[in-house]
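Colleague: Right, I'll just put the structure down here and ask away after.
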Amino acid sequence: MFVYSDDPTKRYHSWNYALRQQFGGKIFKVPVDGGFDCPNRDGTAAHGGCTFCSVSGSGDMMVAPNDPLPLQFQKEIDMMHLKWPNVDQYIVYFQNFTNTHAPVEVIRERFEQVVNLPGVVGLSVGTRPDCLPPEVVDYLAELNQRMYLWVELGLQTTYEETSNAINRAHDYETYTDAVARLRKHDINVCTHLINGLPGESLDMMRENVRRTILDSDIQGIKLHLLHLMRNTKMLRDYAEGKLQLMTREDYVNVICDQLEMIPPEIIIHRLTGDAPWDALVGPMWSLKKWEVLNAIDQEMLRRDSYQGKFDVRQEQKHAANSLTL
């Protein structure tokens with residue numbers, strides 16, 4: 001059995017497993033909209049946002065994003081309790097747009113509205129690498145002393161040409177520097193990567209994971225499928241033939257290849273994402289999320305493989321040792 005799993009069908013270090021080990025039971029990760037904007041939309045870094053991003057950012061699936069934060073939290077957990085009524089521990093997830101893109105006083109005021117709500121044991125903060133000035137990192141370090149904390153960094157790709165094409169408006173060095181500054185305070189970092197971006201081959205998708213693991217001291221990773229959404233600039237790439245949507249077979253295979261490269265102690269926060277069916281252009285197979293996840297499990301079993309089988313950090317160490325012999 002894989003060392004970071006208590007399920008023989010799971011060959012990777014899942015977020016659910018990690019939380020059960022940390023807290024002794026099921027945890028809700030509760031998304032809220034903190035009312036932050038994005039420097040890639042408001043002109044601070046660029047205009048127009050990333051080409052894959054919809055008008056509502058990553059908050060398409062939220063229950064009540066315009067309500068006050070404590071009410072958003074309550075409505076979300078009320079919905080979750082319909083399925084899991086006995087859960088009483090929560091991680092608040094500041095998900096939508098860039099949740100450190102504001103003066104630190106504003107960030108503090110918004111975060112503090114939820115961190116002391118009943119049952120809240122942790123905080124997860126979605127942000128960009130270029131929105132972590134020293135005073136914000138200092139506040140995150142304070143939070144890290146008070147509770148369970150993750151900072152989720154949107155990287156999406158390690159290739160500058162892809163980053164420019166999708167209008168990310170920051171470079172790879174900004175990302176690696178941000179991780180290093182967070183890790184000085186022992187803050188857990190989860191990096192987001194997207195498979196299926198325009199112009200990226202399957203080999204490039206694998207290389208994105210290899211570079212990320214070797215270049216940054218991360219504790220978690222999120223692997224997403226590119227969802228082509230209505231009302232996004234990426235629709236133009238699709239119409240011009242610059243974007244080919246991934247097949248399910250290719251996606252499952254590349255995810256398994258990536259899992260084999262990732263050190264086993266790194267937590268896999270996600271292997272695919274959710275998209276509202278009425279806004280999704282494709283791939284439509286992604287709407288059947290559990291079928292995709294089951295296919296990943298089945299492929300890992302078919303290969304008799306597991307996360308870290310070809311751990312890139314270990315392979316790098318072996319190569320370095322060989323050179324010194």
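Going by the structure tokens order, chains are called A, B, ..., each with residues numbered from 1, while ligands are numbered from 1 in the order shown.
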Do you know which residues are at most 6 Å from stretch 123-128 of chain A counting only C-alpha atoms, after dropping those on the same chain fewer than 4 positions away, and could you put them as a VMD selection string?

Modeller: chain A and resid 91 to 95 98 to 99 149 to 154

Colleague: Could you give me the residues within stretch 245-276 of chain A that DSSP places in strand (DSSP E or B), as a list in words?

Modeller: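 Answer for stretch 245-276 of chain A, restricted to strand (DSSP E or B): Ile267, Ile268, His269 and Arg270 of chain A.
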
Colleague: Please measure the separation of atom CA of A:Leu202 and atom CA of A:Cys256, giving the value in Å to one decimal.

Modeller: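 These two atoms are separated by 11.8 Å.
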
Colleague: Using only C-alpha atoms, pick whichever of A:Asn253, A:Gln72, A:Thr191, A:Ser5 has the shortest atom-to-atom distance to A:Lys222.

Modeller: A:Thr191

Colleague: Please provide as a ChimeraX atom specification all residues within 10 Å of A:Glu135, with the sequence filter that same-chain residues fewer than 5 positions apart are discarded (counting only C-alpha atoms).

Modeller: /A:103-105,140-141

Colleague: Taking only C-alpha atoms into account, which of A:Ile262, A:Leu143, A:Ile268, A:Val252 comes nearest A:Trp285?

Modeller: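 Answer, going by the shortest atom-to-atom distance: A:Val252.
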
Colleague: Would you mind reading off the distance between atom CA of A:Ile218 and atom CA of A:Phe28, one decimal, in Å?

Modeller: 22.5 Å

Colleague: May I ask which of the residues A:Val106, A:Gln145, A:Leu193, A:Leu226 is the closest one to A:Thr247, counting only C-alpha atoms?

Modeller: A:Leu226
